[in-house]
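All remarks here apply to the structure that follows.
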Amino acid sequence: MNPFIPLKTPRFVVIDYRANNEILKYLRKFNIEPIKTIKCSDLQGPVDGHPDMVMHPIDDKHIVVAPNVYEYYYKVFNDKGIKVIKGGKTLCRNYPEDIAYNVARIGRYAVHNTRHTDQVLKYYLEEADVEFIHVNQGYSKCSIATISNNKAITSDSSIHDKLISYNINCMFINPKIVQLNGYNHGFIGGCTGLINEKIFLSTGVINDYIILNSLKKFIQSSGYIYEEASRQQIIDLGTLIPIM
């Protein structure tokens, strides 16, 4: 199973500690309790609260977490039926020492720069019969929003071409639409995602109507409804991680 494609409404969603109240209120409307991340001071400021930088769910019962923040998430998930596995790679501030857990999942594939994938995470994914697709982009999960087992959106042109070569239906979207304070732009995977079996959620508003309409058509062709969690500009908060 792909933990980024929830088949029902999850109990919890892990979200950046800086998420605004409008987004949190939206999630609670579906009885989803937001779990705010803890700041990981070893990472760059703009991404120090992004869930996809420090953790990766193997399935709906197991999650691999960077040693930097392991103790915090072990305590958070200990009474929620989730086994927290300590990763092998301690994250550091600069690329590529910060990308070990930023792995995307599409169907039976894991997409990442495999030269830098955490070895503990890689072991558990391969044990689950997940096959790796190597790409040069280390921020793979940031760059990819999964819609189905054979459909994805990416803001990275090289990932787009690689996924197409694997017969994955992939839409390219210009990253300029995504805000990420401290950088020129964010990534599409860090500001969108499925929150249940019906809704593909954006953290905010896409002001480019041509891009927005194309995105909506692509999402609706997969049977999902496109919704915006806030009235602010779409912002990269790191992937929203559903916890069933």
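Ligands are numbered from 1 in the order shown, residues from 1 within each chain, and chains are lettered A, B, ... in the order they appear in the structure tokens.
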
Could you produce a table of the residues of stretch 136-186 of chain A lying within 10 Å of stretch 191-196 of chain A, with the nearest pair of atoms per residue and their separation in Å rounded to one decimal, using only C-alpha atoms, ordered by chain and increasing residue number, as CSV?
residue,atom,partner,partner_atom,distance
A:Cys142,CA,A:Cys191,CA,8.4
A:Ser143,CA,A:Cys191,CA,9.8
A:Ile144,CA,A:Thr192,CA,9.2
A:Ala145,CA,A:Gly193,CA,5.9
A:Thr146,CA,A:Gly193,CA,7.0
A:Ile147,CA,A:Leu194,CA,7.1
A:Ser148,CA,A:Leu194,CA,9.5
A:Ile153,CA,A:Thr192,CA,9.7
A:Val178,CA,A:Cys191,CA,7.6
A:Gln179,CA,A:Cys191,CA,9.0
A:Leu180,CA,A:Cys191,CA,9.7
A:Gly186,CA,A:Cys191,CA,8.2

Helix (DSSP H, G or I) per DSSP on the backbone: members of stretch 49-107 of chain A, as number ranges by chain: A: 51-54, 67-77

Output file for the residues above (C-alpha atoms, as an mmCIF file, in the first residue's frame):
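File written: result-v5.cif
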data_model
loop_
_atom_site.group_PDB
_atom_site.id
_atom_site.type_symbol
_atom_site.label_atom_id
_atom_site.label_comp_id
_atom_site.auth_asym_id
_atom_site.auth_seq_id
_atom_site.Cartn_x
_atom_site.Cartn_y
_atom_site.Cartn_z
ATOM 1 C CA PRO A 51 7.602 16.498 7.689
ATOM 2 C CA ASP A 52 9.000 15.000 4.470
ATOM 3 C CA MET A 53 12.517 16.089 5.411
ATOM 4 C CA VAL A 54 12.647 14.032 8.615
ATOM 5 C CA PRO A 67 17.725 10.318 14.522
ATOM 6 C CA ASN A 68 17.677 14.125 14.954
ATOM 7 C CA VAL A 69 14.005 14.070 16.001
ATOM 8 C CA TYR A 70 13.404 10.390 16.750
ATOM 9 C CA GLU A 71 12.745 10.777 20.479
ATOM 10 C CA TYR A 72 10.046 13.386 19.886
ATOM 11 C CA TYR A 73 8.125 11.344 17.322
ATOM 12 C CA TYR A 74 8.542 8.124 19.274
ATOM 13 C CA LYS A 75 6.668 9.807 22.142
ATOM 14 C CA VAL A 76 4.072 11.319 19.774
ATOM 15 C CA PHE A 77 3.214 8.021 18.062
#

Long-range neighbours of A:Ala19 as a PyMOL selection string, 12 Å cut-off, only C-alpha atoms, 2 positions minimum in chain: chain A and resi 13-17+21-27+34-37+49-51+191+203-204+229-230+232+234-240

Can you write out the residues you just picked, keeping C-alpha atoms, as a PDB file, in the first residue's frame?
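Ended up saving to result-v8.pdb:
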ATOM      1  CA  VAL A  13      -1.936  14.453   9.561  1.00  0.00           C
ATOM      2  CA  VAL A  14       1.649  15.451  10.314  1.00  0.00           C
ATOM      3  CA  ILE A  15       2.102  19.077   9.285  1.00  0.00           C
ATOM      4  CA  ASP A  16       4.735  21.812   9.564  1.00  0.00           C
ATOM      5  CA  TYR A  17       4.633  23.578  12.936  1.00  0.00           C
ATOM      6  CA  ASN A  21      -4.908  28.332  11.770  1.00  0.00           C
ATOM      7  CA  GLU A  22      -6.983  28.369   8.594  1.00  0.00           C
ATOM      8  CA  ILE A  23      -5.276  25.196   7.344  1.00  0.00           C
ATOM      9  CA  LEU A  24      -5.543  23.506  10.757  1.00  0.00           C
ATOM     10  CA  LYS A  25      -9.240  24.403  10.960  1.00  0.00           C
ATOM     11  CA  TYR A  26      -9.812  22.921   7.494  1.00  0.00           C
ATOM     12  CA  LEU A  27      -8.281  19.589   8.539  1.00  0.00           C
ATOM     13  CA  PRO A  34      -3.087  17.859  12.966  1.00  0.00           C
ATOM     14  CA  ILE A  35       0.189  16.747  14.528  1.00  0.00           C
ATOM     15  CA  LYS A  36       2.584  19.673  14.337  1.00  0.00           C
ATOM     16  CA  THR A  37       6.206  18.892  13.649  1.00  0.00           C
ATOM     17  CA  GLY A  49       9.601  21.914  10.105  1.00  0.00           C
ATOM     18  CA  HIS A  50       8.830  20.030   6.894  1.00  0.00           C
ATOM     19  CA  PRO A  51       7.602  16.498   7.689  1.00  0.00           C
ATOM     20  CA  CYS A 191       2.021  22.085  -0.767  1.00  0.00           C
ATOM     21  CA  THR A 203      -2.373  24.613   1.161  1.00  0.00           C
ATOM     22  CA  GLY A 204      -3.597  27.785  -0.542  1.00  0.00           C
ATOM     23  CA  ALA A 229      -7.234  24.807   2.683  1.00  0.00           C
ATOM     24  CA  SER A 230      -6.695  28.565   2.958  1.00  0.00           C
ATOM     25  CA  GLN A 232      -3.537  32.669   1.179  1.00  0.00           C
ATOM     26  CA  ILE A 234      -0.150  28.317  -1.944  1.00  0.00           C
ATOM     27  CA  ILE A 235       2.836  27.648   0.342  1.00  0.00           C
ATOM     28  CA  ASP A 236       5.289  24.784   0.661  1.00  0.00           C
ATOM     29  CA  LEU A 237       4.900  23.280   4.153  1.00  0.00           C
ATOM     30  CA  GLY A 238       6.482  19.948   3.317  1.00  0.00           C
ATOM     31  CA  THR A 239       4.306  16.978   2.479  1.00  0.00           C
ATOM     32  CA  LEU A 240       1.177  16.486   4.594  1.00  0.00           C
TER      33      LEU A 240
END

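Look at A:Ile199: the protein and nucleic acid residues within 8 Å of it, using only C-alpha atoms and passing over chain neighbours fewer than 6 places away, are A:Tyr224, A:Ile225, A:Tyr226, A:Glu227.
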
Quick one: write out the picked residues with N, CA and C atoms as a compact mmCIF listing (two decimals), in the first residue's frame?
# COMPACT_ATOMS: atom_id res chain seq x y z
N TYR A 224 -10.76 12.75 -8.14
CA TYR A 224 -10.63 13.53 -6.90
C TYR A 224 -11.18 14.94 -7.10
N ILE A 225 -11.54 15.55 -5.99
CA ILE A 225 -11.97 16.95 -5.95
C ILE A 225 -10.78 17.79 -5.52
N TYR A 226 -10.55 18.91 -6.18
CA TYR A 226 -9.48 19.84 -5.80
C TYR A 226 -10.04 20.86 -4.82
N GLU A 227 -9.38 21.01 -3.66
CA GLU A 227 -9.79 22.01 -2.68
C GLU A 227 -8.58 22.76 -2.15

Those in stretch 38-73 of chain A with strand (DSSP E) from DSSP, as a count of residues only: 7

Neighbour list for A:Phe218 as a list in words, cut-off 10 Å, only C-alpha atoms, skip fewer than 3 positions in-chain: Ile147, Lys151, Ala152, Ile153, Asn169, Cys170, Met171, Leu212, Asn213, Ser214, Leu215, Ser221, Ser222, Gly223, Tyr224 and Tyr226 of chain A

Nearby residues (only C-alpha atoms) at most 10 Å from A:Ile58, same-chain spacing under 5 positions excluded, as a VMD selection string: chain A and resid 1 to 4 63 to 64 85 105 121 to 122 124 to 125 127 to 128 130
